[in-house]
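input39.txt follows; it contains compact mmCIF, C-alpha atoms and all ligand atoms.
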# COMPACT_ATOMS: atom_id res chain seq x y z
CA MET F 1 107.53 112.43 82.69
CA LYS F 2 104.38 110.29 82.81
CA GLY F 3 103.77 108.15 85.89
CA SER F 4 104.44 104.99 83.96
CA ASP F 5 107.86 106.22 82.72
CA TYR F 6 109.26 106.20 86.23
CA VAL F 7 110.93 103.25 87.86
CA ASP F 8 108.69 103.23 90.91
CA LEU F 9 110.16 101.37 93.88
CA ARG F 10 108.25 103.29 96.58
CA SER F 11 106.17 100.22 97.37
CA ASP F 12 104.75 97.03 95.89
CA THR F 13 101.33 98.71 96.19
CA VAL F 14 102.11 100.62 92.96
CA THR F 15 101.75 97.49 90.81
CA ARG F 16 99.06 97.77 88.15
CA PRO F 17 96.73 94.92 87.17
CA THR F 18 98.11 92.53 84.54
CA PRO F 19 96.37 92.25 81.14
CA GLU F 20 94.92 88.92 82.31
CA MET F 21 93.49 90.58 85.42
CA ARG F 22 91.91 93.33 83.33
CA ARG F 23 90.28 90.73 81.07
CA ALA F 24 88.98 88.77 84.03
CA MET F 25 87.61 91.97 85.58
CA ALA F 26 85.76 92.85 82.38
CA GLU F 27 84.23 89.40 82.18
CA ALA F 28 83.54 88.81 85.88
CA GLU F 29 80.24 87.28 86.90
CA VAL F 30 78.82 89.54 89.63
CA GLY F 31 75.98 89.89 92.13
CA ASP F 32 75.30 91.84 95.32
CA ASP F 33 77.92 90.76 97.84
CA VAL F 34 76.10 92.31 100.81
CA TYR F 35 73.47 89.63 100.14
CA GLY F 36 76.30 87.10 99.67
CA GLU F 37 75.30 86.78 96.02
CA ASP F 38 78.46 87.71 94.16
CA PRO F 39 79.75 84.39 92.75
CA THR F 40 83.22 85.75 92.05
CA VAL F 41 83.67 87.13 95.57
CA ASN F 42 82.36 83.85 96.97
CA ARG F 43 84.88 81.91 94.89
CA LEU F 44 87.73 84.16 96.03
CA GLU F 45 86.76 83.73 99.69
CA GLN F 46 86.48 79.97 99.30
CA ARG F 47 89.86 79.69 97.57
CA ALA F 48 91.55 81.90 100.17
CA ALA F 49 90.16 79.74 102.97
CA GLU F 50 91.35 76.56 101.20
CA ILE F 51 94.82 77.91 100.46
CA PHE F 52 95.27 79.00 104.10
CA GLY F 53 93.69 75.85 105.55
CA LYS F 54 91.12 77.91 107.49
CA GLN F 55 87.34 77.52 107.64
CA ALA F 56 86.41 80.82 106.04
CA ALA F 57 87.63 84.07 104.51
CA LEU F 58 86.36 87.60 104.01
CA PHE F 59 87.20 89.97 101.14
CA VAL F 60 87.95 93.46 102.48
CA PRO F 61 88.81 96.67 100.60
CA THR F 62 92.14 97.21 102.41
CA GLY F 63 94.60 95.56 104.72
CA THR F 64 93.95 98.24 107.30
CA MET F 65 90.27 97.27 107.38
CA GLY F 66 91.21 93.58 107.72
CA ASN F 67 93.51 94.32 110.67
CA THR F 68 90.94 96.65 112.24
CA ILE F 69 88.27 93.94 112.09
CA ALA F 70 90.68 91.33 113.47
CA VAL F 71 91.51 93.45 116.52
CA LYS F 72 87.79 94.00 117.09
CA LEU F 73 87.04 90.27 116.79
CA HIS F 74 89.53 89.22 119.46
CA THR F 75 89.37 92.03 122.04
CA HIS F 76 87.07 93.97 124.37
CA HIS F 77 87.23 97.69 125.11
CA GLY F 78 89.93 98.57 127.63
CA GLU F 79 92.44 95.89 126.68
CA GLU F 80 95.99 95.97 125.35
CA VAL F 81 97.25 94.57 122.07
CA ILE F 82 100.85 93.37 122.08
CA CYS F 83 102.63 94.24 118.82
CA GLU F 84 106.14 95.03 117.60
CA ALA F 85 107.23 98.65 118.13
CA ARG F 86 107.55 99.45 114.40
CA SER F 87 104.52 97.39 113.36
CA HIS F 88 101.98 98.59 110.82
CA VAL F 89 98.98 98.06 113.14
CA TYR F 90 100.57 100.43 115.66
CA ASN F 91 102.20 103.08 113.47
CA TYR F 92 100.41 103.30 110.14
CA GLU F 93 96.72 102.64 110.71
CA LEU F 94 95.57 105.91 112.33
CA ALA F 95 95.29 104.47 115.84
CA MET F 96 92.56 102.11 114.63
CA MET F 97 92.83 99.97 117.79
CA ALA F 98 91.75 102.92 119.92
CA TRP F 99 89.27 104.26 117.39
CA PHE F 100 87.28 101.09 116.66
CA SER F 101 88.09 98.67 119.46
CA GLY F 102 88.86 100.88 122.47
CA CYS F 103 92.24 99.17 122.92
CA VAL F 104 95.77 100.49 123.32
CA PRO F 105 98.87 98.99 121.76
CA ARG F 106 101.55 97.55 124.05
CA PRO F 107 104.57 97.84 121.75
CA VAL F 108 107.52 95.50 122.24
CA GLU F 109 110.83 96.14 120.46
CA ALA F 110 112.35 93.46 118.27
CA PRO F 111 115.39 94.99 116.54
CA ASP F 112 115.35 92.33 113.79
CA GLY F 113 111.58 92.60 113.36
CA VAL F 114 111.00 89.10 114.72
CA LEU F 115 108.98 89.05 117.94
CA ARG F 116 109.69 85.98 120.05
CA TRP F 117 107.75 84.43 122.90
CA GLU F 118 110.34 85.42 125.55
CA GLN F 119 109.80 89.10 124.70
CA ILE F 120 106.03 88.80 124.43
CA ARG F 121 105.74 86.92 127.70
CA GLY F 122 107.16 89.87 129.64
CA ALA F 123 104.56 92.23 128.18
CA ILE F 124 101.48 90.15 128.98
CA ARG F 125 99.45 91.68 131.79
CA PRO F 126 96.55 90.29 133.81
CA LEU F 127 93.64 92.49 134.81
CA GLY F 128 94.66 94.24 138.03
CA PRO F 129 93.94 97.32 140.09
CA HIS F 130 96.19 99.36 137.78
CA TRP F 131 96.50 97.30 134.63
CA ALA F 132 94.54 96.81 131.49
CA PRO F 133 94.70 93.14 130.54
CA THR F 134 96.25 91.83 127.35
CA GLY F 135 93.53 91.11 124.81
CA LEU F 136 95.49 90.04 121.76
CA ILE F 137 98.93 89.43 120.28
CA SER F 138 99.48 90.77 116.77
CA LEU F 139 102.44 89.59 114.66
CA GLU F 140 103.70 91.04 111.36
CA ASN F 141 105.18 88.70 108.71
CA THR F 142 107.04 89.89 106.71
CA HIS F 143 107.88 92.89 108.86
CA ASN F 144 107.64 95.98 106.69
CA MET F 145 109.78 98.51 108.59
CA ALA F 146 112.29 95.85 109.59
CA GLY F 147 113.05 95.51 105.87
CA GLY F 148 110.79 92.61 104.95
CA ALA F 149 112.11 90.41 107.78
CA VAL F 150 110.64 86.91 107.94
CA THR F 151 109.35 85.30 111.13
CA PRO F 152 109.98 81.53 110.87
CA ARG F 153 107.22 79.02 111.38
CA GLU F 154 108.58 77.61 114.67
CA VAL F 155 108.61 81.10 116.18
CA ILE F 156 104.97 81.73 115.20
CA GLU F 157 103.95 78.30 116.47
CA GLU F 158 105.60 78.73 119.83
CA ILE F 159 103.91 82.11 120.29
CA CYS F 160 100.50 80.72 119.31
CA GLU F 161 100.80 77.64 121.52
CA ARG F 162 101.90 79.58 124.59
CA ALA F 163 99.29 82.31 123.95
CA HIS F 164 96.51 79.77 123.55
CA GLU F 165 97.49 78.11 126.83
CA LEU F 166 96.81 81.49 128.45
CA GLY F 167 93.54 81.92 126.56
CA LEU F 168 94.99 84.63 124.28
CA LYS F 169 94.40 84.89 120.55
CA VAL F 170 97.04 85.64 117.91
CA HIS F 171 96.38 87.71 114.80
CA LEU F 172 98.88 87.67 111.97
CA ASP F 173 99.27 90.83 109.88
CA GLY F 174 100.43 88.95 106.82
CA ALA F 175 100.18 91.78 104.31
CA ARG F 176 103.21 90.09 102.65
CA ILE F 177 102.77 86.55 104.01
CA PHE F 178 103.35 85.04 100.55
CA ASN F 179 106.76 86.71 100.50
CA ALA F 180 107.52 85.07 103.85
CA ALA F 181 106.34 81.66 102.63
CA THR F 182 108.41 82.04 99.45
CA TYR F 183 111.52 82.83 101.47
CA LEU F 184 110.93 79.87 103.78
CA GLY F 185 109.95 77.50 100.99
CA CYS F 186 106.77 76.44 102.78
CA SER F 187 103.03 76.88 102.19
CA VAL F 188 101.09 79.76 103.75
CA ALA F 189 98.81 77.11 105.30
CA ASP F 190 101.74 75.58 107.20
CA LEU F 191 103.18 78.96 108.12
CA CYS F 192 99.85 80.25 109.51
CA ALA F 193 98.44 76.97 110.82
CA LYS F 194 98.29 78.07 114.46
CA ALA F 195 97.28 81.73 113.99
CA ASP F 196 93.66 82.53 114.85
CA THR F 197 93.25 85.06 112.03
CA VAL F 198 95.46 86.15 109.15
CA MET F 199 95.15 89.26 107.00
CA PHE F 200 96.96 89.31 103.67
CA CYS F 201 97.04 91.82 100.80
CA LEU F 202 96.12 90.99 97.22
CA SER F 203 97.06 94.55 96.27
CA LYS F 204 100.81 94.44 96.95
CA GLY F 205 103.28 92.01 95.43
CA LEU F 206 100.40 89.84 94.18
CA GLY F 207 99.41 92.69 91.87
CA ALA F 208 95.63 93.04 92.29
CA PRO F 209 94.42 96.64 91.95
CA VAL F 210 92.40 96.57 95.20
CA GLY F 211 91.71 94.26 98.09
CA SER F 212 92.87 92.18 101.03
CA MET F 213 91.58 89.05 102.73
CA LEU F 214 90.95 88.09 106.32
CA VAL F 215 90.95 84.34 107.03
CA GLY F 216 89.99 82.41 110.18
CA SER F 217 87.22 80.35 111.75
CA ALA F 218 83.73 80.35 110.24
CA GLU F 219 82.35 81.88 113.41
CA ASP F 220 84.91 84.70 113.43
CA MET F 221 84.39 85.42 109.73
CA GLY F 222 80.62 85.58 110.28
CA ARG F 223 81.14 88.30 112.90
CA ALA F 224 83.84 89.92 110.74
CA ARG F 225 81.27 90.35 107.95
CA LEU F 226 79.13 92.49 110.28
CA TYR F 227 82.10 94.60 111.40
CA ARG F 228 83.06 95.10 107.76
CA LYS F 229 79.57 96.50 107.11
CA ARG F 230 79.84 98.82 110.12
CA LEU F 231 83.13 100.14 108.79
CA GLY F 232 81.50 100.90 105.45
CA GLY F 233 83.17 97.99 103.70
CA GLY F 234 80.04 96.19 102.48
CA MET F 235 80.65 96.34 98.74
CA ARG F 236 78.07 95.40 96.14
CA GLN F 237 79.19 94.01 92.73
CA ALA F 238 82.70 93.55 94.08
CA GLY F 239 83.23 90.59 91.77
CA VAL F 240 85.00 92.91 89.33
CA LEU F 241 87.68 93.32 92.00
CA ALA F 242 87.59 89.73 93.22
CA ALA F 243 88.21 88.53 89.64
CA ALA F 244 91.61 90.25 89.71
CA GLY F 245 92.10 89.00 93.26
CA LEU F 246 91.62 85.39 92.18
CA ILE F 247 94.41 85.69 89.63
CA ALA F 248 96.58 87.43 92.23
CA LEU F 249 95.96 84.60 94.68
CA GLU F 250 96.33 81.66 92.29
CA GLN F 251 99.10 82.76 89.95
CA MET F 252 101.18 85.54 91.40
CA PRO F 253 102.76 83.91 94.50
CA ALA F 254 104.86 81.65 92.25
CA ARG F 255 106.79 84.61 90.85
CA LEU F 256 107.66 86.42 94.11
CA GLY F 257 111.09 84.78 94.14
CA GLU F 258 112.01 87.03 91.20
CA ASP F 259 111.28 90.11 93.30
CA HIS F 260 113.42 88.69 96.09
CA ALA F 261 116.28 88.02 93.69
CA ASN F 262 116.04 91.60 92.39
CA ALA F 263 116.05 92.98 95.93
CA ARG F 264 119.09 90.89 96.88
CA TRP F 265 120.88 91.97 93.72
CA LEU F 266 120.13 95.65 94.38
CA ALA F 267 121.30 95.30 97.98
CA SER F 268 124.60 93.72 96.97
CA GLU F 269 125.20 96.49 94.39
CA LEU F 270 124.17 99.26 96.80
CA ALA F 271 126.63 97.95 99.37
CA ARG F 272 129.49 98.89 96.98
CA LEU F 273 128.38 102.53 96.55
CA PRO F 274 130.04 105.44 98.35
CA GLY F 275 128.05 106.90 101.23
CA ILE F 276 125.42 104.13 101.22
CA ARG F 277 125.01 101.72 104.09
CA LEU F 278 122.63 98.78 104.17
CA VAL F 279 120.87 98.44 107.50
CA HIS F 280 119.74 94.83 107.37
CA GLU F 281 120.10 91.52 105.60
CA VAL F 282 117.70 91.31 102.65
CA GLN F 283 115.39 88.30 102.83
CA THR F 284 112.41 89.29 100.70
CA ASN F 285 111.46 92.28 98.52
CA ILE F 286 112.33 95.23 100.78
CA VAL F 287 115.70 96.99 101.03
CA ILE F 288 116.29 99.72 103.61
CA PHE F 289 119.50 101.73 103.25
CA ASP F 290 121.05 104.73 104.96
CA VAL F 291 122.38 107.72 102.99
CA ALA F 292 123.72 109.80 105.93
CA GLU F 293 127.33 109.49 104.77
CA THR F 294 126.51 111.15 101.44
CA GLY F 295 125.64 114.28 103.44
CA LEU F 296 122.14 114.26 101.95
CA THR F 297 118.87 113.79 103.79
CA SER F 298 116.54 111.09 102.54
CA ALA F 299 114.17 113.82 101.26
CA GLU F 300 116.99 115.42 99.21
CA PHE F 301 118.14 112.03 97.95
CA SER F 302 114.58 111.20 96.95
CA ARG F 303 114.19 114.48 95.03
CA LEU F 304 117.45 113.92 93.14
CA LEU F 305 116.36 110.39 92.19
CA GLN F 306 112.97 111.66 91.05
CA LYS F 307 114.75 114.01 88.59
CA ARG F 308 116.44 110.91 87.17
CA GLY F 309 113.15 109.07 86.74
CA VAL F 310 113.33 106.91 89.86
CA ARG F 311 110.94 106.98 92.78
CA ILE F 312 112.16 105.81 96.20
CA ASN F 313 110.95 107.36 99.46
CA GLY F 314 112.59 108.09 102.78
CA VAL F 315 111.47 106.20 105.89
CA GLY F 316 113.52 108.32 108.30
CA PRO F 317 115.78 111.40 108.16
CA SER F 318 118.54 109.47 106.37
CA ARG F 319 116.92 106.12 105.63
CA MET F 320 115.37 105.10 102.33
CA ARG F 321 113.21 102.09 101.58
CA LEU F 322 112.88 100.44 98.18
CA VAL F 323 110.46 97.64 97.39
CA THR F 324 110.78 95.36 94.35
CA HIS F 325 107.73 94.03 92.50
CA TYR F 326 106.64 92.59 89.14
CA ASP F 327 106.20 96.04 87.54
CA ALA F 328 109.95 96.68 87.94
CA ASP F 329 111.99 94.01 86.15
CA ARG F 330 115.77 93.59 86.33
CA ALA F 331 116.29 96.27 83.64
CA ALA F 332 114.25 98.73 85.70
CA CYS F 333 116.25 97.82 88.81
CA GLU F 334 119.44 98.49 86.81
CA ARG F 335 118.11 101.95 85.93
CA ALA F 336 117.31 102.58 89.58
CA LEU F 337 120.78 101.48 90.64
CA ALA F 338 122.44 103.74 88.04
CA ALA F 339 120.45 106.73 89.34
CA ILE F 340 121.30 105.95 92.97
CA GLU F 341 124.97 105.58 92.04
CA GLU F 342 124.98 108.95 90.23
CA VAL F 343 123.36 110.77 93.15
CA ALA F 344 125.59 109.11 95.77
CA GLN F 345 128.81 109.70 93.80
CA ALA F 346 128.00 113.36 93.07
CA ALA F 347 127.12 113.99 96.72
CA CYS F 348 130.26 112.26 98.04
CA ALA F 349 132.50 114.07 95.50
CA GLY F 350 130.94 117.38 96.57
CA ARG F 351 131.71 116.56 100.19
CA SER F 352 135.37 115.72 99.72
CA SER F 353 136.22 118.75 97.53
C1 LIG N 401 100.35 97.53 103.47
C2 LIG N 401 100.26 96.94 104.82
C3 LIG N 401 99.03 96.81 105.48
C4 LIG N 401 97.70 97.25 104.91
O1 LIG N 401 97.72 98.33 104.11
P1 LIG N 401 96.49 98.89 103.26
O2 LIG N 401 97.15 100.00 102.53
O3 LIG N 401 95.46 99.35 104.23
O4 LIG N 401 95.99 97.81 102.37
C5 LIG N 401 99.04 96.21 106.71
N1 LIG N 401 100.17 95.74 107.25
C6 LIG N 401 101.37 95.83 106.64
C7 LIG N 401 102.57 95.25 107.29
C8 LIG N 401 101.46 96.45 105.40
O5 LIG N 401 102.65 96.54 104.80
Once more with this new file: its structure as structure tokens, please.
Ligand SMILES: *Cc1c(COP(=O)(O)O)cnc(C)c1O
Amino acid sequence: MKGSDYVDLRSDTVTRPTPEMRRAMAEAEVGDDVYGEDPTVNRLEQRAAEIFGKQAALFVPTGTMGNTIAVKLHTHHGEEVICEARSHVYNYELAMMAWFSGCVPRPVEAPDGVLRWEQIRGAIRPLGPHWAPTGLISLENTHNMAGGAVTPREVIEEICERAHELGLKVHLDGARIFNAATYLGCSVADLCAKADTVMFCLSKGLGAPVGSMLVGSAEDMGRARLYRKRLGGGMRQAGVLAAAGLIALEQMPARLGEDHANARWLASELARLPGIRLVHEVQTNIVIFDVAETGLTSAEFSRLLQKRGVRINGVGPSRMRLVTHYDADRAACERALAAIEEVAQAACAGRSS
């Protein structure tokens, strides 16, 4: 089976550029972006800043680099960064806080993926004879490992206001911030108004082949540009990528509701299947479900799905995560559901006989 014959719900990162993106890439006007001379990158950064209501933006190769730069911008060596216990910055970015910024995470558990001020407040530490001080608060919206959970605007605003009163900055890992805004029916500018910096991915549900953005104050983005260079992220004729990014940014947010509808539909169908248990309410494009009662591990379940042309990965011994996106329409989701049903039914029948 060729890669493109699979229904691939492992992540929304698997989306391939649309025909329009490929055309725009071929025709992109380019220059050397390290000199600030790539007109397409400059346009993308300007549009991102406008759309988020911030002073400036920076095009970065990956979301991990955007988050890494943000932590560096707001902290000094020997500080703590408060983040949710299952957050991406803590668990999936190769200890970048320690590696680049000399900071340690101070994880705080939020079972629903939504960190609130009351929980954060208890984790803030002043400099003391035994304590490293808090340098930054990092939020994740939507929360990936909490199944695409959305943090509402009031919750973000309260955290930012209280943090700012204490002189602390707030970074928002908004890899899927457009999914959050779609769910809430508000603009990303309103949702992120009080955050000091926001990182978001063009390369996930928005469908660009490569790239993320960091947005914030002009001063911070000026420093961020230097950190990006240090990290090896100073790209040259990056306009070929930014051209796809512009289409991702301008046109793709409007269709994310379709992905959410597909995820909700899949969740409601999965809930009827033997041996399958949903572990959270589905708000956006991520569905996490538990297959323990089929008697299969997530790795076994994944292998059996793969044989049926469907790719979904485990995120724990018995937990699977599927992510909907524009490259998997309702018909593809129906194929995925049929494969999951077959595997679950066969496993449960085997168990009871
Ligand atoms: C995908 C993701 C990132 C960044 O990932 P890259 O693969 O480095 O682009 C950051 N945070 C969250 C929550 C993500 O899901």
Write out as a PyMOL selection string each polymer residue whose atoms come within 10 Å of segment 14-21 of chain F, counting only C-alpha atoms; drop sequence neighbours fewer than 5 positions from it.
chain F and resi 4+8-9+26-27+203-210+240-248+323-328
Show me, as a short mmCIF file (atom, residue, chain, number, x, y, z; two decimals) with C-alpha atoms, in the coordinates of the input, the residues that have an atom within 6 Å of Ser212 of chain F when counting all atoms listed in the file, minus same-chain residues fewer than 5 positions from it.
data_model
loop_
_atom_site.label_atom_id
_atom_site.label_comp_id
_atom_site.auth_asym_id
_atom_site.auth_seq_id
_atom_site.Cartn_x
_atom_site.Cartn_y
_atom_site.Cartn_z
CA VAL F 60 87.95 93.46 102.48
CA THR F 62 92.14 97.21 102.41
CA GLY F 63 94.60 95.56 104.72
CA PHE F 200 96.96 89.31 103.67
CA CYS F 201 97.04 91.82 100.80
CA LEU F 202 96.12 90.99 97.22
#
Would you list the residues that come within 9 Å of ligand LIG 401 (chain N)? Count only C-alpha atoms and all ligand atoms and give the answer as a compact mmCIF listing (two decimals) with C-alpha atoms, keeping the file's coordinate frame.
# COMPACT_ATOMS: atom_id res chain seq x y z
CA SER F 11 106.17 100.22 97.37
CA ASP F 12 104.75 97.03 95.89
CA THR F 13 101.33 98.71 96.19
CA PRO F 61 88.81 96.67 100.60
CA THR F 62 92.14 97.21 102.41
CA GLY F 63 94.60 95.56 104.72
CA THR F 64 93.95 98.24 107.30
CA MET F 65 90.27 97.27 107.38
CA GLY F 66 91.21 93.58 107.72
CA ASN F 67 93.51 94.32 110.67
CA SER F 87 104.52 97.39 113.36
CA HIS F 88 101.98 98.59 110.82
CA VAL F 89 98.98 98.06 113.14
CA TYR F 92 100.41 103.30 110.14
CA GLU F 93 96.72 102.64 110.71
CA GLU F 140 103.70 91.04 111.36
CA ASN F 141 105.18 88.70 108.71
CA THR F 142 107.04 89.89 106.71
CA HIS F 143 107.88 92.89 108.86
CA ASN F 144 107.64 95.98 106.69
CA MET F 145 109.78 98.51 108.59
CA GLY F 148 110.79 92.61 104.95
CA ASP F 173 99.27 90.83 109.88
CA GLY F 174 100.43 88.95 106.82
CA ALA F 175 100.18 91.78 104.31
CA ARG F 176 103.21 90.09 102.65
CA MET F 199 95.15 89.26 107.00
CA PHE F 200 96.96 89.31 103.67
CA CYS F 201 97.04 91.82 100.80
CA LEU F 202 96.12 90.99 97.22
CA SER F 203 97.06 94.55 96.27
CA LYS F 204 100.81 94.44 96.95
CA VAL F 210 92.40 96.57 95.20
CA GLY F 211 91.71 94.26 98.09
CA SER F 212 92.87 92.18 101.03
So which one's closest to Gly167 of chain F, F:Gly185, F:Gly135, F:Gly78, F:Pro274? Using all atoms listed in the file, please.
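Closest residue, counting all atoms listed in the file: F:Gly135.
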When distances are computed from all atoms listed in the file, which of F:Asn91, F:Gln345, F:Gln237, F:Thr182 shows the smallest separation from Gly31 of chain F?
F:Gln237
Could you pull segment 264-277 of chain F out of the structure just shown and give N, CA, C and O atoms as an mmCIF file, in the first residue's frame?
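Wrote out15.cif, looks like this:
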data_model
loop_
_atom_site.group_PDB
_atom_site.id
_atom_site.type_symbol
_atom_site.label_atom_id
_atom_site.label_comp_id
_atom_site.auth_asym_id
_atom_site.auth_seq_id
_atom_site.Cartn_x
_atom_site.Cartn_y
_atom_site.Cartn_z
ATOM 1 N N ARG F 264 -16.055 14.734 16.238
ATOM 2 C CA ARG F 264 -17.221 14.483 17.106
ATOM 3 C C ARG F 264 -18.019 13.287 16.603
ATOM 4 O O ARG F 264 -18.469 12.444 17.377
ATOM 5 N N TRP F 265 -18.156 13.200 15.275
ATOM 6 C CA TRP F 265 -18.887 12.078 14.692
ATOM 7 C C TRP F 265 -18.166 10.756 15.000
ATOM 8 O O TRP F 265 -18.786 9.786 15.460
ATOM 9 N N LEU F 266 -16.848 10.740 14.785
ATOM 10 C CA LEU F 266 -16.081 9.526 15.087
ATOM 11 C C LEU F 266 -16.218 9.146 16.562
ATOM 12 O O LEU F 266 -16.412 7.975 16.898
ATOM 13 N N ALA F 267 -16.139 10.136 17.433
ATOM 14 C CA ALA F 267 -16.240 9.855 18.870
ATOM 15 C C ALA F 267 -17.589 9.238 19.209
ATOM 16 O O ALA F 267 -17.670 8.254 19.954
ATOM 17 N N SER F 268 -18.661 9.788 18.623
ATOM 18 C CA SER F 268 -19.986 9.260 18.971
ATOM 19 C C SER F 268 -20.142 7.838 18.427
ATOM 20 O O SER F 268 -20.772 6.992 19.066
ATOM 21 N N GLU F 269 -19.552 7.534 17.282
ATOM 22 C CA GLU F 269 -19.624 6.172 16.734
ATOM 23 C C GLU F 269 -18.736 5.216 17.541
ATOM 24 O O GLU F 269 -19.123 4.079 17.808
ATOM 25 N N LEU F 270 -17.558 5.686 17.913
ATOM 26 C CA LEU F 270 -16.630 4.837 18.688
ATOM 27 C C LEU F 270 -17.249 4.443 20.027
ATOM 28 O O LEU F 270 -17.036 3.329 20.514
ATOM 29 N N ALA F 271 -18.019 5.369 20.601
ATOM 30 C CA ALA F 271 -18.613 5.110 21.918
ATOM 31 C C ALA F 271 -19.551 3.895 21.887
ATOM 32 O O ALA F 271 -19.799 3.268 22.917
ATOM 33 N N ARG F 272 -20.064 3.548 20.689
ATOM 34 C CA ARG F 272 -20.990 2.405 20.574
ATOM 35 C C ARG F 272 -20.261 1.069 20.412
ATOM 36 O O ARG F 272 -20.882 0.023 20.450
ATOM 37 N N LEU F 273 -18.935 1.100 20.162
ATOM 38 C CA LEU F 273 -18.222 -0.126 19.818
ATOM 39 C C LEU F 273 -17.827 -0.930 21.060
ATOM 40 O O LEU F 273 -17.514 -0.356 22.094
ATOM 41 N N PRO F 274 -17.833 -2.269 20.932
ATOM 42 C CA PRO F 274 -17.443 -3.102 22.073
ATOM 43 C C PRO F 274 -15.970 -2.902 22.414
ATOM 44 O O PRO F 274 -15.134 -2.821 21.517
ATOM 45 N N GLY F 275 -15.687 -2.805 23.707
ATOM 46 C CA GLY F 275 -14.294 -2.754 24.155
ATOM 47 C C GLY F 275 -13.625 -1.404 24.025
ATOM 48 O O GLY F 275 -12.468 -1.232 24.389
ATOM 49 N N ILE F 276 -14.350 -0.402 23.485
ATOM 50 C CA ILE F 276 -13.748 0.923 23.284
ATOM 51 C C ILE F 276 -14.359 1.919 24.264
ATOM 52 O O ILE F 276 -15.582 1.971 24.409
ATOM 53 N N ARG F 277 -13.500 2.674 24.903
ATOM 54 C CA ARG F 277 -13.987 3.662 25.867
ATOM 55 C C ARG F 277 -13.366 5.020 25.546
ATOM 56 O O ARG F 277 -12.150 5.143 25.411
#
